[in-house]
>>> print(open('entry17.txt').read())   # compact mmCIF, C-alpha atoms
# COMPACT_ATOMS: atom_id res chain seq x y z
CA MET A 1 26.39 -178.83 27.23
CA LYS A 2 25.15 -175.69 28.86
CA ILE A 3 23.00 -173.23 26.91
CA LEU A 4 22.69 -169.66 28.14
CA CYS A 5 19.51 -167.97 26.91
CA PHE A 6 19.18 -164.24 26.31
CA GLY A 7 16.37 -161.85 25.46
CA ILE A 8 13.14 -163.34 24.21
CA ALA A 9 14.75 -166.82 24.12
CA LYS A 10 14.85 -166.77 27.92
CA ASP A 11 11.08 -166.14 27.96
CA ILE A 12 10.32 -168.82 25.40
CA ILE A 13 12.52 -171.51 26.94
CA GLY A 14 11.52 -170.42 30.43
CA THR A 15 14.99 -170.42 31.94
CA SER A 16 18.28 -168.60 31.48
CA GLU A 17 20.32 -171.82 31.61
CA LEU A 18 19.46 -175.04 29.86
CA ILE A 19 21.50 -178.25 30.10
CA LEU A 20 21.39 -180.56 27.07
CA ASP A 21 22.65 -184.10 27.24
CA GLU A 22 24.37 -184.26 23.86
CA HIS A 23 27.92 -185.30 23.14
CA GLN A 24 28.56 -183.69 19.82
CA ILE A 25 26.19 -181.88 17.49
CA THR A 26 26.37 -179.07 14.97
CA VAL A 27 24.83 -175.66 15.53
CA ALA A 28 22.23 -176.46 12.84
CA GLN A 29 21.26 -179.66 14.69
CA LEU A 30 21.03 -177.76 17.96
CA LYS A 31 18.78 -175.15 16.36
CA ASN A 32 16.53 -177.88 14.95
CA GLN A 33 16.26 -179.53 18.35
CA LEU A 34 15.44 -176.28 20.07
CA ASN A 35 12.97 -175.22 17.40
CA GLU A 36 11.19 -178.54 17.70
CA LYS A 37 10.99 -178.37 21.48
CA TYR A 38 10.19 -174.66 21.58
CA PRO A 39 8.34 -173.89 18.31
CA LYS A 40 7.91 -170.24 19.29
CA LEU A 41 11.62 -169.81 18.60
CA LEU A 42 10.79 -170.22 14.92
CA GLU A 43 9.10 -166.82 15.01
CA TYR A 44 12.52 -165.26 15.50
CA LYS A 45 14.38 -165.65 12.27
CA SER A 46 17.85 -164.57 13.11
CA TYR A 47 19.06 -165.60 16.51
CA MET A 48 22.79 -165.86 16.95
CA ILE A 49 24.61 -168.79 18.52
CA ALA A 50 27.99 -168.45 20.22
CA ILE A 51 30.14 -171.35 21.37
CA ASN A 52 32.45 -170.50 24.26
CA GLN A 53 31.87 -166.81 23.55
CA GLU A 54 32.79 -167.10 19.85
CA TYR A 55 30.28 -166.50 17.02
CA ALA A 56 29.32 -169.87 15.51
CA ASN A 57 28.04 -170.80 12.04
CA ASP A 58 25.48 -173.51 11.40
CA GLU A 59 28.27 -175.97 10.58
CA SER A 60 30.21 -175.37 13.80
CA LEU A 61 30.55 -178.39 16.08
CA ILE A 62 29.48 -178.27 19.71
CA SER A 63 31.06 -180.63 22.25
CA ILE A 64 29.72 -181.73 25.59
CA ASN A 65 31.71 -179.29 27.70
CA ASP A 66 30.99 -176.24 25.55
CA GLU A 67 29.05 -173.26 26.76
CA ILE A 68 26.52 -172.08 24.22
CA ALA A 69 24.86 -168.67 24.13
CA LEU A 70 21.54 -168.24 22.36
CA ILE A 71 21.24 -164.59 21.43
CA PRO A 72 18.09 -163.31 19.73
CA PRO A 73 17.78 -159.73 18.50
CA VAL A 74 16.58 -157.12 20.96
CA SER A 75 15.16 -153.75 20.02
CA GLY A 76 14.27 -151.70 23.09
CA GLY A 77 15.74 -148.28 23.75
CA MET B 78 43.47 -125.46 31.75
CA ASN B 79 39.69 -125.54 31.77
CA GLU B 80 38.65 -126.29 35.35
CA ARG B 81 35.40 -127.86 34.16
CA TYR B 82 37.29 -130.85 32.75
CA SER B 83 40.12 -130.93 35.30
CA ARG B 84 39.01 -134.21 36.88
CA GLN B 85 39.30 -135.99 33.56
CA THR B 86 42.29 -134.13 32.08
CA ILE B 87 44.25 -135.04 35.23
CA LEU B 88 44.03 -138.64 34.01
CA PRO B 89 47.30 -139.15 32.13
CA GLU B 90 45.61 -141.12 29.33
CA ILE B 91 43.33 -138.16 28.58
CA ALA B 92 45.22 -134.96 29.49
CA GLU B 93 44.74 -131.71 27.56
CA GLU B 94 45.30 -133.45 24.25
CA GLY B 95 42.46 -135.90 24.89
CA GLN B 96 40.18 -133.08 25.95
CA ARG B 97 40.97 -131.32 22.67
CA LYS B 98 39.88 -134.45 20.80
CA LEU B 99 36.57 -134.42 22.68
CA THR B 100 36.04 -130.71 22.04
CA GLN B 101 36.69 -131.16 18.33
CA SER B 102 34.23 -134.06 18.02
CA HIS B 103 30.69 -134.08 16.75
CA ILE B 104 28.47 -136.92 17.93
CA ALA B 105 24.89 -137.63 16.82
CA ILE B 106 22.43 -139.41 19.10
CA VAL B 107 19.52 -141.13 17.38
CA GLY B 108 16.60 -141.45 19.81
CA CYS B 109 16.44 -139.60 23.14
CA GLY B 110 14.66 -142.18 25.27
CA GLY B 111 16.06 -144.39 28.01
CA LEU B 112 19.39 -144.90 26.29
CA GLY B 113 19.89 -141.69 24.34
CA ALA B 114 18.92 -139.06 26.91
CA ILE B 115 21.31 -140.35 29.54
CA ALA B 116 24.13 -140.85 27.01
CA ALA B 117 23.62 -137.29 25.71
CA VAL B 118 23.94 -135.71 29.13
CA TYR B 119 27.13 -137.65 29.94
CA LEU B 120 28.70 -136.80 26.59
CA GLY B 121 27.77 -133.15 27.07
CA GLY B 122 29.27 -133.16 30.55
CA ALA B 123 32.51 -134.66 29.24
CA GLY B 124 32.82 -131.79 26.77
CA ILE B 125 32.01 -133.24 23.35
CA GLY B 126 32.15 -130.16 21.12
CA GLN B 127 28.95 -130.71 19.15
CA LEU B 128 26.02 -132.98 19.80
CA THR B 129 23.13 -133.57 17.43
CA ILE B 130 20.16 -135.03 19.28
CA ILE B 131 17.38 -136.52 17.16
CA ASP B 132 13.92 -137.52 18.38
CA GLY B 133 10.42 -136.62 17.20
CA ASP B 134 8.55 -137.49 20.40
CA ILE B 135 7.38 -135.80 23.55
CA PRO B 136 7.96 -137.52 26.94
CA ASP B 137 5.37 -140.11 27.89
CA ILE B 138 4.54 -140.70 31.54
CA SER B 139 4.96 -144.47 31.13
CA ASN B 140 8.58 -143.93 30.06
CA LEU B 141 9.69 -141.52 32.77
CA HIS B 142 10.85 -144.35 35.06
CA ARG B 143 13.86 -144.69 32.78
CA GLN B 144 13.90 -141.29 31.04
CA VAL B 145 14.91 -139.45 34.17
CA PHE B 146 15.89 -136.12 32.63
CA TYR B 147 12.33 -135.23 31.66
CA SER B 148 9.60 -133.90 33.95
CA SER B 149 6.07 -135.07 34.63
CA ASP B 150 4.66 -131.61 33.95
CA ASP B 151 6.66 -130.61 30.88
CA SER B 152 5.01 -131.45 27.59
CA ARG B 153 7.62 -129.91 25.31
CA SER B 154 9.51 -132.17 22.92
CA LYS B 155 12.24 -134.44 24.30
CA VAL B 156 14.98 -132.75 22.31
CA THR B 157 13.91 -129.27 23.51
CA ILE B 158 13.99 -130.31 27.17
CA LEU B 159 17.22 -132.24 26.74
CA LYS B 160 18.93 -129.35 24.97
CA GLU B 161 17.96 -127.04 27.83
CA ARG B 162 19.31 -129.53 30.39
CA MET B 163 22.59 -129.90 28.51
CA LYS B 164 22.98 -126.16 28.06
CA SER B 165 22.63 -125.61 31.80
CA LEU B 166 25.05 -128.44 32.53
CA ASN B 167 27.66 -127.35 30.01
CA PRO B 168 27.15 -124.19 27.95
CA GLU B 169 30.34 -124.93 26.02
CA VAL B 170 28.65 -127.73 24.06
CA ARG B 171 26.93 -126.85 20.80
CA VAL B 172 23.68 -128.78 20.79
CA HIS B 173 21.70 -129.24 17.57
CA SER B 174 18.24 -130.47 18.45
CA ILE B 175 16.28 -132.17 15.68
CA GLU B 176 12.62 -132.59 16.51
CA ASN B 177 11.97 -135.25 13.96
CA LYS B 178 12.23 -138.99 13.58
CA LEU B 179 15.31 -140.16 11.72
CA ALA B 180 14.24 -141.66 8.40
CA LYS B 181 15.73 -142.54 5.07
CA ASN B 182 14.82 -139.18 3.61
CA ASN B 183 16.70 -137.15 6.24
CA ILE B 184 19.53 -139.42 7.38
CA ASP B 185 22.00 -138.07 4.84
CA GLU B 186 21.41 -134.50 5.94
CA LEU B 187 21.49 -135.30 9.67
CA LEU B 188 24.36 -137.77 9.95
CA THR B 189 26.79 -136.87 7.17
CA GLY B 190 29.88 -135.24 8.61
CA VAL B 191 29.46 -136.37 12.22
CA ASP B 192 32.40 -138.21 13.79
CA LEU B 193 30.39 -140.88 15.57
CA VAL B 194 26.76 -141.96 15.98
CA LEU B 195 24.99 -143.48 19.00
CA GLU B 196 21.98 -145.56 17.97
CA CYS B 197 19.58 -145.31 20.90
CA SER B 198 16.15 -145.71 19.30
CA ASP B 199 13.64 -148.39 20.21
CA ASP B 200 12.77 -148.99 16.59
CA GLN B 201 14.16 -152.04 14.89
CA MET B 202 14.02 -150.60 11.35
CA CYS B 203 15.74 -147.43 12.56
CA LYS B 204 18.56 -149.53 14.00
CA TYR B 205 19.10 -151.11 10.56
CA LEU B 206 18.79 -147.79 8.73
CA VAL B 207 21.47 -146.22 10.92
CA ASN B 208 23.64 -149.34 10.73
CA ASP B 209 23.55 -149.53 6.94
CA PHE B 210 24.08 -145.80 6.43
CA CYS B 211 27.02 -145.66 8.85
CA ALA B 212 28.61 -148.80 7.39
CA LEU B 213 28.37 -147.35 3.87
CA GLU B 214 29.57 -143.88 4.88
CA GLY B 215 32.32 -145.11 7.20
CA ILE B 216 30.88 -143.46 10.31
CA PRO B 217 31.69 -145.20 13.62
CA LEU B 218 28.52 -146.38 15.36
CA VAL B 219 27.81 -147.39 18.93
CA TYR B 220 24.92 -149.86 19.03
CA GLY B 221 22.78 -150.41 22.11
CA ALA B 222 19.52 -152.24 22.77
CA ILE B 223 17.63 -153.40 25.84
CA HIS B 224 15.08 -156.06 26.74
CA LYS B 225 13.48 -156.40 30.19
CA TYR B 226 16.57 -156.86 32.40
CA GLU B 227 19.19 -157.24 29.67
CA GLY B 228 21.17 -155.10 27.34
CA TYR B 229 23.39 -155.48 24.28
CA LEU B 230 26.23 -153.17 23.32
CA SER B 231 28.73 -153.04 20.48
CA LEU B 232 30.90 -150.66 18.50
CA PHE B 233 30.94 -150.80 14.72
CA SER B 234 33.94 -148.72 13.74
CA ASN B 235 33.15 -148.96 10.01
CA ARG B 236 36.67 -148.08 8.94
CA ASN B 237 36.96 -150.96 6.47
CA GLU B 238 34.49 -153.05 4.57
CA THR B 239 35.60 -156.04 6.62
CA ASP B 240 34.61 -154.38 9.89
CA ILE B 241 31.75 -156.06 11.68
CA HIS B 242 28.34 -154.36 11.87
CA LEU B 243 24.81 -155.19 12.99
CA ARG B 244 24.01 -157.35 9.94
CA ASP B 245 26.89 -159.66 10.82
CA ILE B 246 25.13 -160.40 14.12
CA PHE B 247 21.48 -160.31 13.04
CA PRO B 248 21.39 -160.22 9.22
CA ILE B 249 17.79 -159.10 8.79
CA PRO B 250 15.37 -157.05 10.88
CA ASP B 251 13.06 -159.26 12.88
CA LEU B 252 9.79 -157.46 13.40
CA ASN B 253 8.53 -160.10 15.81
CA VAL B 254 10.95 -158.82 18.42
CA PRO B 255 8.84 -157.16 21.11
CA VAL B 256 9.60 -153.62 22.30
CA CYS B 257 9.75 -152.22 25.86
CA ALA B 258 6.12 -151.09 25.68
CA GLU B 259 5.05 -154.70 25.16
CA LEU B 260 7.28 -156.62 27.55
CA GLY B 261 8.45 -154.02 30.01
CA VAL B 262 11.92 -152.96 31.05
CA LEU B 263 13.55 -152.19 34.39
CA SER B 264 14.74 -148.58 34.37
CA THR B 265 18.29 -149.29 35.50
CA ILE B 266 19.24 -151.43 32.50
CA ALA B 267 18.41 -148.49 30.22
CA GLY B 268 20.62 -146.18 32.27
CA MET B 269 23.45 -148.68 32.32
CA ILE B 270 23.45 -149.41 28.60
CA GLY B 271 23.05 -145.68 27.80
CA ILE B 272 26.06 -144.83 29.93
CA LEU B 273 28.03 -147.72 28.43
CA GLN B 274 27.23 -146.34 24.96
CA ALA B 275 28.56 -142.94 26.02
CA ASN B 276 31.59 -144.69 27.51
CA GLU B 277 32.28 -146.56 24.28
CA ALA B 278 32.06 -143.29 22.36
CA LEU B 279 34.49 -141.51 24.71
CA LYS B 280 36.99 -144.40 24.55
CA PHE B 281 36.82 -144.43 20.77
CA ILE B 282 37.41 -140.70 20.41
CA LEU B 283 40.15 -140.68 23.04
CA ASP B 284 41.64 -143.89 21.64
CA ILE B 285 42.02 -145.44 25.08
CA GLY B 286 41.19 -148.86 26.50
CA ASP B 287 39.83 -151.87 24.61
CA SER B 288 36.94 -151.09 22.34
CA LEU B 289 34.00 -153.39 21.65
CA GLN B 290 34.81 -153.37 17.94
CA GLY B 291 34.07 -156.90 16.70
CA LYS B 292 32.52 -157.86 20.02
CA LEU B 293 29.02 -157.95 21.47
CA LEU B 294 28.66 -157.24 25.16
CA THR B 295 25.60 -158.64 26.89
CA TYR B 296 24.64 -157.52 30.37
CA ASP B 297 22.03 -159.08 32.64
CA ILE B 298 21.17 -156.95 35.67
CA LEU B 299 19.37 -159.78 37.47
CA THR B 300 22.50 -161.91 37.66
CA SER B 301 25.06 -159.09 37.22
CA ARG B 302 26.55 -161.33 34.59
CA GLN B 303 28.17 -159.89 31.51
CA MET B 304 29.57 -161.68 28.52
CA ILE B 305 31.73 -160.40 25.72
CA LEU B 306 31.19 -162.44 22.57
CA ASN B 307 33.64 -162.39 19.70
CA LEU B 308 31.81 -161.77 16.44
CA LYS B 309 32.62 -162.89 12.91
CA LYS B 310 32.09 -161.35 9.49
CA ASN B 311 28.95 -163.03 8.30
CA TRP B 312 27.19 -160.56 6.00
CA LYS B 313 28.19 -161.14 2.39
CA LYS B 314 25.54 -159.29 0.41
CA ASP B 315 25.85 -155.89 -1.24
CA LEU B 316 24.89 -153.36 1.40
CA GLU B 317 24.72 -150.45 -1.01
CA GLU B 318 22.20 -152.19 -3.23
CA LEU B 319 20.14 -153.10 -0.17
CA PHE B 320 20.25 -149.53 1.11
CA ASP B 321 19.02 -148.22 -2.23
CA GLN B 322 16.10 -150.63 -2.32
CA CYS B 323 14.90 -150.58 1.27
CA ASP B 324 12.79 -147.71 2.62
CA TYR B 325 13.33 -148.79 6.27
CA SER B 326 9.81 -147.98 7.35
CA THR B 327 8.14 -150.51 9.61
CA PRO B 328 5.84 -152.39 7.28
CA SER B 329 2.42 -152.00 8.76
CA SER B 330 0.71 -155.26 8.25
CA GLU B 331 -1.71 -154.97 5.37
CA HIS B 332 -4.48 -156.81 7.18
CA VAL B 333 -4.41 -154.64 10.33
CA ILE B 334 -7.07 -151.99 10.08
CA GLU B 335 -6.70 -148.93 12.24
CA ILE B 336 -9.87 -147.21 13.25
CA GLU B 337 -9.91 -143.45 13.82
CA LEU B 338 -11.20 -142.26 17.19
CA MET B 339 -13.78 -139.98 15.58
CA ASP B 340 -15.24 -142.86 13.60
CA LEU B 341 -15.32 -144.96 16.73
CA LEU B 342 -17.19 -142.29 18.68
CA LYS B 343 -19.84 -142.00 15.99
CA GLU B 344 -20.43 -145.70 15.77
CA ARG B 345 -21.57 -146.67 19.22
CA SER B 346 -23.78 -149.69 18.97
CA ASP B 347 -22.01 -152.88 18.09
CA ILE B 348 -18.53 -152.20 19.41
CA GLN B 349 -16.57 -154.21 21.92
CA LEU B 350 -13.61 -152.28 23.31
CA ILE B 351 -10.67 -154.31 24.53
CA SER B 352 -7.97 -152.61 26.56
CA ILE B 353 -4.48 -154.05 26.84
CA MET B 354 -3.35 -151.27 29.17
CA ASN B 355 -2.85 -151.79 32.90
CA LYS B 356 -6.07 -152.45 34.79
CA SER B 357 -5.53 -149.37 36.95
CA GLU B 358 -5.61 -147.10 33.94
CA ASN B 359 -8.70 -145.34 32.74
CA GLN B 360 -11.48 -146.80 30.76
CA LEU B 361 -11.65 -145.25 27.37
CA ILE B 362 -15.26 -144.39 26.89
CA ASP B 363 -18.55 -145.41 28.38
CA HIS B 364 -18.61 -148.55 26.28
CA GLN B 365 -18.09 -151.66 28.27
CA THR B 366 -14.36 -152.30 28.13
CA ILE B 367 -12.70 -155.65 28.69
CA HIS B 368 -9.19 -155.61 30.12
CA VAL B 369 -6.91 -158.30 28.83
CA GLU B 370 -3.28 -159.15 29.33
CA GLN B 371 -1.55 -159.07 25.97
CA ASN B 372 -0.33 -162.64 26.23
CA GLU B 373 -3.76 -164.00 27.05
CA ILE B 374 -5.60 -162.30 24.27
CA ALA B 375 -5.21 -165.16 21.82
CA ILE B 376 -7.58 -167.29 23.89
CA LEU B 377 -10.20 -164.59 24.12
CA ASP B 378 -13.51 -165.70 22.80
CA LEU B 379 -14.26 -162.68 20.72
CA ASP B 380 -17.80 -161.97 19.77
CA LYS B 381 -17.65 -162.28 16.04
CA LEU B 382 -20.80 -160.30 15.51
CA LYS B 383 -19.37 -157.26 17.22
CA LYS B 384 -16.73 -154.93 15.96
CA ASN B 385 -13.82 -155.55 18.33
CA VAL B 386 -11.54 -152.59 18.85
CA LEU B 387 -8.27 -153.12 20.68
CA TYR B 388 -6.47 -150.21 22.25
CA CYS B 389 -3.26 -149.56 24.15
CA ARG B 390 -1.65 -146.34 25.32
CA SER B 391 -0.31 -145.12 21.99
CA GLY B 392 -1.84 -147.36 19.35
CA GLU B 393 1.44 -149.07 18.52
CA VAL B 394 1.28 -152.17 20.68
CA SER B 395 -2.36 -152.81 19.82
CA LYS B 396 -1.40 -152.84 16.15
CA ILE B 397 1.14 -155.56 16.80
CA VAL B 398 -1.30 -157.59 18.87
CA VAL B 399 -4.04 -157.28 16.26
CA ASP B 400 -1.56 -158.41 13.64
CA ARG B 401 -0.73 -161.51 15.71
CA LEU B 402 -4.40 -162.30 16.27
CA LEU B 403 -5.19 -161.97 12.61
CA SER B 404 -2.29 -164.15 11.58
CA ASN B 405 -3.77 -166.92 13.75
CA ASP B 406 -7.34 -166.39 12.68
CA PRO B 407 -7.96 -164.03 9.78
CA GLY B 408 -11.70 -164.28 10.48
CA PHE B 409 -11.61 -162.00 13.53
CA LEU B 410 -13.43 -158.73 13.19
CA ILE B 411 -10.81 -156.83 15.11
CA TYR B 412 -9.37 -153.36 14.75
CA SER B 413 -6.66 -151.29 16.37
CA LEU B 414 -7.52 -147.83 17.69
CA LYS B 415 -5.32 -145.32 15.93
CA GLY B 416 -3.34 -143.22 18.41
CA GLY B 417 -4.67 -145.34 21.29
CA PHE B 418 -5.65 -143.93 24.66
CA LYS B 419 -3.53 -140.85 23.98
CA ALA B 420 -5.77 -139.90 21.07
CA PHE B 421 -8.75 -140.07 23.39
CA GLN B 422 -7.03 -137.89 26.01
CA LYS B 423 -6.24 -135.35 23.32
CA TYR B 424 -9.85 -135.39 22.18
CA LYS B 425 -11.08 -134.92 25.76
CA ASN B 426 -8.69 -132.00 26.29
CA SER B 427 -9.95 -130.37 23.11
CA LEU B 428 -13.49 -130.38 24.52
CA THR B 429 -12.59 -128.48 27.70
>>> encode(input="entry17.txt", output="structure tokens")
Amino acid sequence: MKILCFGIAKDIIGTSELILDEHQITVAQLKNQLNEKYPKLLEYKSYMIAINQEYANDESLISINDEIALIPPVSGG
Amino acid sequence: MNERYSRQTILPEIAEEGQRKLTQSHIAIVGCGGLGAIAAVYLGGAGIGQLTIIDGDIPDISNLHRQVFYSSDDSRSKVTILKERMKSLNPEVRVHSIENKLAKNNIDELLTGVDLVLECSDDQMCKYLVNDFCALEGIPLVYGAIHKYEGYLSLFSNRNETDIHLRDIFPIPDLNVPVCAELGVLSTIAGMIGILQANEALKFILDIGDSLQGKLLTYDILTSRQMILNLKKNWKKDLEELFDQCDYSTPSSEHVIEIELMDLLKERSDIQLISIMNKSENQLIDHQTIHVEQNEIAILDLDKLKKNVLYCRSGEVSKIVVDRLLSNDPGFLIYSLKGGFKAFQKYKNSLT
């Protein structure tokens, strides 16, 4: 599965596109994995996850061919 | 036919009737920085009848790369300069300039009765204040925000309680999110998102095209890639109760101590000044100043016997950095200079 990173998530993960070798996981499991690998993500409480450009809840299932977007809040103006 | 608008009224979707809708509209713009100033000028040019522009600041040289309607040698307030610019562009627009920061105690007076709001501030709490107020009062809101090379955009039409707003995307303000002054921003993303906010407002008033209601647009200028994400209703709490309880001021961390410039000048002996401004910028005083990149400061071996005073251009970023340092090691003797380098410049000017 491909993960597109936006905003501060791009800085923390160090790339705008991350490929994860997972067949099927929930959004909550994905968040846990990412938080474990990139603990700085934990500083940002409310990042949004979209699956194939649709807002996803923690329970939503992600399949191997899905495109995920990791969207943290942004506040510049 | 008014010749001024002929190039847009010739468009069949707009025509004279559409122009009348624009003329009869009142739009408020919260924040006149990189997003708001450019949006204001485009909305004025298009013939929005009334524009309320709200900002309490004066232009800062470090922001002029993206705030292109201000001048290097004009120290009047942003709203004063912007009003003058809009008046010379289109005298038919009634511009109400509010030289004040939008806050909970004036939002009712400033936004009630407007047809649409553009949220263009760079202040996270302000974005939530405007969001909650507009959602409760049923005022359509165009949301925009930028980060380095990226921007977000959405329209919250706020016609029904089920309409999506900012809290459906990001339920609570996240004060760890860095601002432009900390991480930087390329000027063109501000211009693009500002113009897209104006565009979203025009489409909404004219009722043409597909609006971003219920959608979040993300734009990355490095890859020219944009995405439109479909949002879902996610916020389930009582917004009215929250609005009543929250004062929407940025909580200044209780352990950050701000030192006044005058106190700093008096106390000369055991101070270590630490600048997080660009190296090319001036040293503050004749104290020995260390220059540090913000991200590297955590590893600084601070002299715990000295009084360490961190300063940036305005005193805002240093406060955030001091807060981060203290949360890692509460034992640091470290302070943030109130008003930053600008306070020192002001002091120097007062001497001459």
>>> closest_residue(input="entry17.txt", among="B:Thr129, B:Thr300, B:Ser139, B:Asn177", to="chain A", atoms="all atoms listed in the file")
B:Thr300
>>> interface_residues(input="entry17.txt", of="chain B", to="chain A", cutoff="9 Å", atoms="all atoms listed in the file", output="ChimeraX atom specification")
/B:108-113,196-201,204,221-229,246-258,262,267,271,295,297,304-309,311
>>> write_last_selection(input="entry17.txt", atoms="C-alpha atoms", output="PDB file, keeping the file's coordinate frame")
ATOM      1  CA  GLY B 108      16.600-141.450  19.810  1.00  0.00           C
ATOM      2  CA  CYS B 109      16.440-139.600  23.140  1.00  0.00           C
ATOM      3  CA  GLY B 110      14.660-142.180  25.270  1.00  0.00           C
ATOM      4  CA  GLY B 111      16.060-144.390  28.010  1.00  0.00           C
ATOM      5  CA  LEU B 112      19.390-144.900  26.290  1.00  0.00           C
ATOM      6  CA  GLY B 113      19.890-141.690  24.340  1.00  0.00           C
ATOM      7  CA  GLU B 196      21.980-145.560  17.970  1.00  0.00           C
ATOM      8  CA  CYS B 197      19.580-145.310  20.900  1.00  0.00           C
ATOM      9  CA  SER B 198      16.150-145.710  19.300  1.00  0.00           C
ATOM     10  CA  ASP B 199      13.640-148.390  20.210  1.00  0.00           C
ATOM     11  CA  ASP B 200      12.770-148.990  16.590  1.00  0.00           C
ATOM     12  CA  GLN B 201      14.160-152.040  14.890  1.00  0.00           C
ATOM     13  CA  LYS B 204      18.560-149.530  14.000  1.00  0.00           C
ATOM     14  CA  GLY B 221      22.780-150.410  22.110  1.00  0.00           C
ATOM     15  CA  ALA B 222      19.520-152.240  22.770  1.00  0.00           C
ATOM     16  CA  ILE B 223      17.630-153.400  25.840  1.00  0.00           C
ATOM     17  CA  HIS B 224      15.080-156.060  26.740  1.00  0.00           C
ATOM     18  CA  LYS B 225      13.480-156.400  30.190  1.00  0.00           C
ATOM     19  CA  TYR B 226      16.570-156.860  32.400  1.00  0.00           C
ATOM     20  CA  GLU B 227      19.190-157.240  29.670  1.00  0.00           C
ATOM     21  CA  GLY B 228      21.170-155.100  27.340  1.00  0.00           C
ATOM     22  CA  TYR B 229      23.390-155.480  24.280  1.00  0.00           C
ATOM     23  CA  ILE B 246      25.130-160.400  14.120  1.00  0.00           C
ATOM     24  CA  PHE B 247      21.480-160.310  13.040  1.00  0.00           C
ATOM     25  CA  PRO B 248      21.390-160.220   9.220  1.00  0.00           C
ATOM     26  CA  ILE B 249      17.790-159.100   8.790  1.00  0.00           C
ATOM     27  CA  PRO B 250      15.370-157.050  10.880  1.00  0.00           C
ATOM     28  CA  ASP B 251      13.060-159.260  12.880  1.00  0.00           C
ATOM     29  CA  LEU B 252       9.790-157.460  13.400  1.00  0.00           C
ATOM     30  CA  ASN B 253       8.530-160.100  15.810  1.00  0.00           C
ATOM     31  CA  VAL B 254      10.950-158.820  18.420  1.00  0.00           C
ATOM     32  CA  PRO B 255       8.840-157.160  21.110  1.00  0.00           C
ATOM     33  CA  VAL B 256       9.600-153.620  22.300  1.00  0.00           C
ATOM     34  CA  CYS B 257       9.750-152.220  25.860  1.00  0.00           C
ATOM     35  CA  ALA B 258       6.120-151.090  25.680  1.00  0.00           C
ATOM     36  CA  VAL B 262      11.920-152.960  31.050  1.00  0.00           C
ATOM     37  CA  ALA B 267      18.410-148.490  30.220  1.00  0.00           C
ATOM     38  CA  GLY B 271      23.050-145.680  27.800  1.00  0.00           C
ATOM     39  CA  THR B 295      25.600-158.640  26.890  1.00  0.00           C
ATOM     40  CA  ASP B 297      22.030-159.080  32.640  1.00  0.00           C
ATOM     41  CA  MET B 304      29.570-161.680  28.520  1.00  0.00           C
ATOM     42  CA  ILE B 305      31.730-160.400  25.720  1.00  0.00           C
ATOM     43  CA  LEU B 306      31.190-162.440  22.570  1.00  0.00           C
ATOM     44  CA  ASN B 307      33.640-162.390  19.700  1.00  0.00           C
ATOM     45  CA  LEU B 308      31.810-161.770  16.440  1.00  0.00           C
ATOM     46  CA  LYS B 309      32.620-162.890  12.910  1.00  0.00           C
ATOM     47  CA  ASN B 311      28.950-163.030   8.300  1.00  0.00           C
TER      48      ASN B 311
END
>>> residues_near_point(input="entry17.txt", point="(37.6, -125.6, 29.2)", cutoff="12 Å", atoms="all atoms listed in the file", output="mmCIF file with C-alpha atoms, in the coordinates of the input")
data_model
loop_
_atom_site.group_PDB
_atom_site.id
_atom_site.type_symbol
_atom_site.label_atom_id
_atom_site.label_comp_id
_atom_site.auth_asym_id
_atom_site.auth_seq_id
_atom_site.Cartn_x
_atom_site.Cartn_y
_atom_site.Cartn_z
ATOM 1 C CA MET B 78 43.470 -125.460 31.750
ATOM 2 C CA ASN B 79 39.690 -125.540 31.770
ATOM 3 C CA GLU B 80 38.650 -126.290 35.350
ATOM 4 C CA ARG B 81 35.400 -127.860 34.160
ATOM 5 C CA TYR B 82 37.290 -130.850 32.750
ATOM 6 C CA SER B 83 40.120 -130.930 35.300
ATOM 7 C CA ARG B 84 39.010 -134.210 36.880
ATOM 8 C CA GLN B 85 39.300 -135.990 33.560
ATOM 9 C CA THR B 86 42.290 -134.130 32.080
ATOM 10 C CA GLU B 93 44.740 -131.710 27.560
ATOM 11 C CA GLN B 96 40.180 -133.080 25.950
ATOM 12 C CA ARG B 97 40.970 -131.320 22.670
ATOM 13 C CA LEU B 99 36.570 -134.420 22.680
ATOM 14 C CA THR B 100 36.040 -130.710 22.040
ATOM 15 C CA GLY B 122 29.270 -133.160 30.550
ATOM 16 C CA ALA B 123 32.510 -134.660 29.240
ATOM 17 C CA GLY B 124 32.820 -131.790 26.770
ATOM 18 C CA ILE B 125 32.010 -133.240 23.350
ATOM 19 C CA GLY B 126 32.150 -130.160 21.120
ATOM 20 C CA ASN B 167 27.660 -127.350 30.010
ATOM 21 C CA PRO B 168 27.150 -124.190 27.950
ATOM 22 C CA GLU B 169 30.340 -124.930 26.020
ATOM 23 C CA VAL B 170 28.650 -127.730 24.060
#
>>> atom_distance(input="entry17.txt", atom1="atom CA of Gly261 of chain B", atom2="atom CA of Asn208 of chain B")
25.0 Å
>>> atom_distance(input="entry17.txt", atom1="atom CA of Ile184 of chain B", atom2="atom CA of Arg162 of chain B")
25.0 Å
>>> residues_around(input="entry17.txt", residues="segment 37-39 of chain A", least_positions_apart="3", cutoff="8 Å", atoms="only C-alpha atoms", output="list in words")
Ile12, Ile13, Gln33, Leu34, Leu42 and Glu43 of chain A
>>> atom_distance(input="entry17.txt", atom1="atom CA of Ile138 of chain B", atom2="atom CA of Ser264 of chain B")
13.2 Å
>>> residues_near_point(input="entry17.txt", point="(30.2, -182.5, 20.1)", cutoff="8 Å", atoms="only C-alpha atoms", output="JSON, numbers by chain")
{"A": [22, 23, 24, 25, 26, 61, 62, 63, 64]}
